[in-house]
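Encoded as structure tokens, the structure appears first; notes follow it.
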Amino acid sequence: MKKLGRTKILVIGNHPIDSIPFEQRGLTLERIDIDQLNDIDLTNSACGILLSFSPKKLPIINYFFRHCFYQACESGLMTAVYATVKKALVAKIRNRALIYFKVHADITDTRKREHQFDTSPWVQIGDQECAIAEAMARYNPGPPINSSLKIITSGGPVYLNRETRILLKRAFYDCKRITVRKLDGGRTAKGTYCVLANLSNVIHGPQPMPFFVKVDYFNSIEKETFNYHEFVKPFIPFHLHPSLDNERGVRTLKTAALVGDFVENAVPLRDAMRVGQGDGAIFSLFETTLRGLRSHTIKGPKQPGVLEEFLTAKVRAYEIAKYHPSRIRFLRKYKMFRKPTEVEQVLISSAENIATQKGPYHGDLHYSNVMVRNRDAIIIDFGSMGPFGPLYADPAILEVSLVFGTDNHDDPNSFNTWRKFVDYIFLDPLNPPLPKGDFPQFAWLHKAVRELRHVVACCGVEEQEALTILAGCLLRYGRNSPLKLASKRLDSLAESRRAYGLVVAYKICERIEKKHAARE
């Protein structure tokens with residue numbers, strides 16, 4: 001992102017500052033009163049704030065960090081403090097403010113958290129004008145706030161808090177109007193939206209352009225941006241994933257917005273399969289869309305510890321009893337009395353003796369993250385992507401979400417019939433289930449499972465490895481909460497299906513133990 005004319009440094013305080021190092025770097029100093037920070041036109045023209053007070057003015061610095069700092073960060077402004085003495089006291093004031101605003105609140109180790117504070121791009125503390133000027137010149141404030149932007153919501157009630165509105169007003173600084181619709185999915189993010197933007201530049205015409213916007217904590221957005229550059233752009237064909245618009249990506253002190261092209265005229269895989277428009281989509285997904293990623297894994301050497309790392313990172317079975325005690329009671333109805341953590345430990349023990357291929361994978365390939373347009377399978381949401389996944393992980397995650405997921409088109413009274421269908425296709429959890437004709441309402445799902453397992457059969461994954469991963473993915477699915485659906489009866493169905501996924505996980509675990517006992 002270019003500085004977009006944001007080359008001013010707003011100086012607050014009367015301590016003398018040498019302007020030459022700033023002018024040499026294309027920056028201009030403008031002295032202001034602290035009250036002028038409420039002038040949005042002024043802050044929109046700046047890339048930073050320089051506090052320049054004598055050592056006796058620490059209370060004013062404290063006031064700024066407590067009452068003005070967060071707002072400055074919302075505008076994208078860096079804060080520098082010119083401090084010749086008492087730097088440690090200034091750092092304490094900064095740290096108190098960051099703790100007050102709950103920045104890096106997830107880091108419990110005090111030293112590690114203070115290290116993060118010291119390396120934060122938002123605050124520079126020093127006594128050298130050249131160093132401050134260089135930091136300001138290298139810093140990119142991003143786009144300014146478009147205070148006149150008209151934000152319209154559509155597609156039902158959409159609540160946009162202050163932070164999200166600020167991010168949108170900056171990301172779409174060059175627009176007259178945007179229409180925002182909340183998207184389903186993205187359960188780990190603060191919000192995911194489709195934005196139709198009417199650009200101000202007349203050469204673009206009146207037609208609104210579609211974007212997706214994902215709002216989340218900065219660390220999560222930073223990770224997903226990294227994944228795009230490391231794993232998506234080099235290995236996935238450009239027309240089979242959304243492209244990022246890096247110039248619209250913005251952040252505040254705690255949150256950030258990821259902006260990219262919206263995938264139009266595409267539907268989630270489950271919807272496409274249900275209406276018979278997803279034929280060949282699963283084959284296309286693994287043999288075309290993900291071919292670049294998976295080919296690296298297929299050709300790689302087998303390594304020990306890969307499955308253990310995957311299970312430890314993804315399963316977290318302790319959350320089932322902690323957040324979903326009703327699912328434990330559900331298990332007991334089916335004579336399943338072991339704790340989920342005990343089943344998880346069985347899987348980890350099973351993984352100890354398995355060497356498997358390790359490579360980059362999507363990590364959260366549920367059906368809503370696979371969009372179908374014509375015969376193309378387009379994947380979205382790369383926040384869980386990583387370099388350490390086993391080859392069978394993505395197909396297993398996708399199969400579990402398809403079979404045990406629920407949407408608004410499901411019959412709320414279908415649980416018993418669905419359970420019998422699930423029991424049939426999981427009699428042999430890895431082989432493609434033969435057509436039986438007993439479950440016509442699930443013919444589309446039967447077809448999807450057959451297609452998935454045919455893909456897996458060509459990967460050369462051994463049975464114990466595949467069973468271990470599949471059971472782990474079922475436990476993982478059983479610890480998550482389903483999204484809210486159109487009725488309470490559908491919500492109840494979704495809860496029952498997730499709970500029954502745990503029953504199937506337990507059965508697969510018993511299968512693994514029997515095979516292990518037979519080998520001994």
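Ordering of the structure tokens sets the chain letters (A, B, ...), residue numbers begin anew at 1 in every chain, and ligands are numbered from 1 in the order given.
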Notebook entry, point to check: If we count only C-alpha atoms, what is near stretch 425-441 of chain A at a cut-off of 8 Å, once residues fewer than 6 positions away on the same chain are taken out, given as a list in words?
Noted result: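 These residues fall inside the cut-off: Thr417, Val449, Arg450, Glu451, Arg453, His454, Ala457, Glu463, Ala466, Leu467, Val504 and Ile508 of chain A.
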I need the residues from that last selection saved to file as an mmCIF file, in the first residue's frame (with C-alpha atoms), if you can.
```cif
data_model
loop_
_atom_site.group_PDB
_atom_site.id
_atom_site.type_symbol
_atom_site.label_atom_id
_atom_site.label_comp_id
_atom_site.auth_asym_id
_atom_site.auth_seq_id
_atom_site.Cartn_x
_atom_site.Cartn_y
_atom_site.Cartn_z
ATOM 1 C CA THR A 417 -32.844 -42.792 8.958
ATOM 2 C CA VAL A 449 -18.514 -40.316 0.027
ATOM 3 C CA ARG A 450 -17.817 -42.804 -2.779
ATOM 4 C CA GLU A 451 -16.031 -40.130 -4.810
ATOM 5 C CA ARG A 453 -12.882 -42.522 -0.888
ATOM 6 C CA HIS A 454 -11.902 -43.302 -4.481
ATOM 7 C CA ALA A 457 -7.611 -45.020 -2.369
ATOM 8 C CA GLU A 463 -5.170 -48.474 6.771
ATOM 9 C CA ALA A 466 -6.203 -43.523 7.650
ATOM 10 C CA LEU A 467 -8.332 -44.900 10.486
ATOM 11 C CA VAL A 504 -18.526 -43.413 15.166
ATOM 12 C CA ILE A 508 -13.221 -46.678 14.800
#
```
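The list of residues with at least one atom within 8 Å of stretch 268-278 of chain A, based on only C-alpha atoms and without residues fewer than 3 positions apart in the same chain, reads Ala281, Ile282, Tyr367, Ser368, Asn369, Val370, Met371, Val372, Asn374, Arg375, Leu402, Trp444, Leu445 and Ala448 of chain A.
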Next item on the list: Within 10 Å of stretch 59-72 of chain A, counting only C-alpha atoms, which residues show up once you throw out same-chain ones fewer than 2 positions away? Write them as a PyMOL selection string, please.
Entry: chain A and resi 12-13+34-35+37-38+43+47-49+51-53+55-57+74-79+81+90+92-98+100-101+122-123+252-254
Margin query: Quick one: residues within 12 Å of stretch 127-138 of chain A, only C-alpha atoms, excluding same-chain residues fewer than 3 positions away - as number ranges by chain?
Written below: A: 1-3, 6-10, 15-29, 46-55, 76-87, 120-124, 141-142
Notebook entry, point to check: At what distance in Å, to one decimal, does atom CA of A:Pro237 lie from atom CA of A:Val259?
Noted result: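 Taking atom CA of A:Val259 and atom CA of A:Pro237, their separation equals 18.9 Å.
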Margin query: Please extract the residues of stretch 236-467 of chain A with a backbone DSSP assignment of alpha helix (DSSP H) and present them as a ChimeraX atom specification.
Written below: /A:269-274,281-284,291-298,306-314,318-323,325-333,340-351,393-404,415-425,443-457,463-467
Note to self: Give me, as number ranges by chain, all polymer residues having an atom no more than 12 Å from A:Phe172, counting only C-alpha atoms and skipping those fewer than 4 positions away in the same chain.
What the structure shows: A: 142-151, 165-168, 176-180, 195-200, 209-213, 245, 247-250, 257, 259-260
So that I have them on file, write out the residues from the current selection with C-alpha atoms, as a PDB file, in the first residue's frame.
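The resulting part-v2.pdb:
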```pdb
ATOM      1  CA  GLY A 142      -2.484   2.210   5.115  1.00  0.00           C
ATOM      2  CA  PRO A 143      -5.470   4.080   3.716  1.00  0.00           C
ATOM      3  CA  PRO A 144      -7.160   6.898   5.638  1.00  0.00           C
ATOM      4  CA  ILE A 145     -10.677   6.836   7.053  1.00  0.00           C
ATOM      5  CA  ASN A 146     -13.378   7.662   4.538  1.00  0.00           C
ATOM      6  CA  SER A 147     -15.743   9.462   6.893  1.00  0.00           C
ATOM      7  CA  SER A 148     -18.293  10.109   4.136  1.00  0.00           C
ATOM      8  CA  LEU A 149     -18.581   6.438   3.122  1.00  0.00           C
ATOM      9  CA  LYS A 150     -22.185   5.230   3.209  1.00  0.00           C
ATOM     10  CA  ILE A 151     -22.492   1.706   4.645  1.00  0.00           C
ATOM     11  CA  ARG A 165     -16.953   0.066  10.652  1.00  0.00           C
ATOM     12  CA  ILE A 166     -13.575   1.797  10.982  1.00  0.00           C
ATOM     13  CA  LEU A 167     -11.862  -1.051   9.127  1.00  0.00           C
ATOM     14  CA  LEU A 168     -14.454  -0.908   6.350  1.00  0.00           C
ATOM     15  CA  LYS A 176     -18.908   6.312  -2.236  1.00  0.00           C
ATOM     16  CA  ARG A 177     -21.036   3.471  -0.900  1.00  0.00           C
ATOM     17  CA  ILE A 178     -20.706  -0.158   0.138  1.00  0.00           C
ATOM     18  CA  THR A 179     -23.379  -2.791   0.724  1.00  0.00           C
ATOM     19  CA  VAL A 180     -22.430  -5.339   3.396  1.00  0.00           C
ATOM     20  CA  VAL A 195     -19.061  -6.256   0.288  1.00  0.00           C
ATOM     21  CA  LEU A 196     -20.419  -4.686  -2.896  1.00  0.00           C
ATOM     22  CA  ALA A 197     -18.408  -1.519  -3.404  1.00  0.00           C
ATOM     23  CA  ASN A 198     -19.396   1.457  -5.550  1.00  0.00           C
ATOM     24  CA  LEU A 199     -16.008   2.913  -6.435  1.00  0.00           C
ATOM     25  CA  SER A 200     -15.650   6.693  -6.632  1.00  0.00           C
ATOM     26  CA  MET A 209     -17.620  -4.604  -7.445  1.00  0.00           C
ATOM     27  CA  PRO A 210     -17.761  -7.647  -5.112  1.00  0.00           C
ATOM     28  CA  PHE A 211     -15.196  -8.235  -2.359  1.00  0.00           C
ATOM     29  CA  PHE A 212     -14.946 -10.509   0.650  1.00  0.00           C
ATOM     30  CA  VAL A 213     -13.823  -9.025   3.965  1.00  0.00           C
ATOM     31  CA  ASP A 245      -6.350  -7.115  -2.481  1.00  0.00           C
ATOM     32  CA  GLU A 247      -3.874  -2.465  -0.774  1.00  0.00           C
ATOM     33  CA  ARG A 248      -7.208  -2.763   1.052  1.00  0.00           C
ATOM     34  CA  GLY A 249      -5.874  -4.838   3.912  1.00  0.00           C
ATOM     35  CA  VAL A 250      -5.902  -2.676   7.055  1.00  0.00           C
ATOM     36  CA  ALA A 257      -9.320  -6.852   7.819  1.00  0.00           C
ATOM     37  CA  VAL A 259      -9.847  -8.142   1.739  1.00  0.00           C
ATOM     38  CA  GLY A 260     -10.012 -10.010  -1.546  1.00  0.00           C
TER      39      GLY A 260
END
```
Could you write out, as a PDB file with C-alpha atoms, in the first residue's frame, all the residues of stretch 236-480 of chain A that DSSP marks as strand (DSSP E)?
```pdb
ATOM      1  CA  VAL A 250      -5.902  -2.676   7.055  1.00  0.00           C
ATOM      2  CA  ARG A 251      -5.434  -3.073  10.788  1.00  0.00           C
ATOM      3  CA  THR A 255      -7.960  -6.252  14.762  1.00  0.00           C
ATOM      4  CA  ALA A 256      -7.386  -6.348  11.032  1.00  0.00           C
ATOM      5  CA  ALA A 257      -9.320  -6.852   7.819  1.00  0.00           C
ATOM      6  CA  LEU A 258      -8.368  -9.265   5.061  1.00  0.00           C
ATOM      7  CA  VAL A 259      -9.847  -8.142   1.739  1.00  0.00           C
ATOM      8  CA  GLY A 260     -10.012 -10.010  -1.546  1.00  0.00           C
ATOM      9  CA  ASP A 261     -12.077 -10.874  -4.584  1.00  0.00           C
ATOM     10  CA  VAL A 267     -22.238 -22.476  -4.015  1.00  0.00           C
ATOM     11  CA  PRO A 268     -20.882 -24.585  -1.142  1.00  0.00           C
ATOM     12  CA  LYS A 302       7.660 -40.710   5.321  1.00  0.00           C
ATOM     13  CA  GLN A 303       8.480 -39.217   8.713  1.00  0.00           C
ATOM     14  CA  PRO A 304       7.691 -40.242  12.295  1.00  0.00           C
ATOM     15  CA  ALA A 355       5.625 -42.837   9.720  1.00  0.00           C
ATOM     16  CA  THR A 356       3.710 -40.747   7.219  1.00  0.00           C
ATOM     17  CA  GLN A 357       4.260 -38.119   4.572  1.00  0.00           C
ATOM     18  CA  LYS A 358       4.165 -34.534   5.701  1.00  0.00           C
ATOM     19  CA  GLY A 359       3.251 -31.546   3.590  1.00  0.00           C
ATOM     20  CA  PRO A 360       1.209 -28.353   3.254  1.00  0.00           C
ATOM     21  CA  TYR A 361      -2.534 -28.814   3.576  1.00  0.00           C
ATOM     22  CA  VAL A 370     -15.197 -25.679  -1.010  1.00  0.00           C
ATOM     23  CA  MET A 371     -17.214 -23.649  -3.507  1.00  0.00           C
ATOM     24  CA  VAL A 372     -18.468 -25.141  -6.770  1.00  0.00           C
ATOM     25  CA  ARG A 373     -18.822 -23.074  -9.934  1.00  0.00           C
ATOM     26  CA  ASP A 376     -14.498 -25.990 -10.849  1.00  0.00           C
ATOM     27  CA  ALA A 377     -13.821 -26.564  -7.147  1.00  0.00           C
ATOM     28  CA  ILE A 378     -12.753 -23.262  -5.590  1.00  0.00           C
ATOM     29  CA  ILE A 379     -11.364 -23.229  -2.056  1.00  0.00           C
ATOM     30  CA  GLY A 386      -0.078 -25.189   7.600  1.00  0.00           C
ATOM     31  CA  PRO A 387       3.016 -27.026   6.398  1.00  0.00           C
ATOM     32  CA  PHE A 388       2.703 -30.040   8.683  1.00  0.00           C
ATOM     33  CA  GLY A 389      -0.419 -31.999   7.710  1.00  0.00           C
ATOM     34  CA  PRO A 390      -0.630 -35.685   6.734  1.00  0.00           C
TER      35      PRO A 390
END
```
Notebook entry, point to check: What is the atom CA of A:Arg497 to atom CA of A:Phe404 distance in Å?
Noted result: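 A separation of 5.5 Å between them.
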Checklist line | From A:Leu398, A:His409, A:Leu391, A:Glu163, residue lying nearest A:Glu462 [only C-alpha atoms] | finding: A:Leu391
Note to self: For a test of reading the model, state the distance in Å between atom CA of A:Lys214 and atom CA of A:Gln116, rounded to one decimal.
What the structure shows: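 Result for atom CA of A:Lys214 versus atom CA of A:Gln116: 24.0 Å, one decimal.
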Contact check, stretch 241-334 of chain A to stretch 226-236 of chain A, at most 8 Å, counting only C-alpha atoms, closest pairs as CSV:
```
residue,atom,partner,partner_atom,distance
A:His241,CA,A:Ile236,CA,7.2
A:Thr289,CA,A:Ile236,CA,5.8
A:Leu290,CA,A:Ile236,CA,6.3
A:Arg291,CA,A:Ile236,CA,7.7
A:Gly292,CA,A:Phe235,CA,4.8
A:Leu293,CA,A:Phe235,CA,5.8
```
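Proximity ranking of A:His366, A:Lys102, A:His324, A:Lys447 relative to A:Arg479 places A:His324 first, based on only C-alpha atoms.
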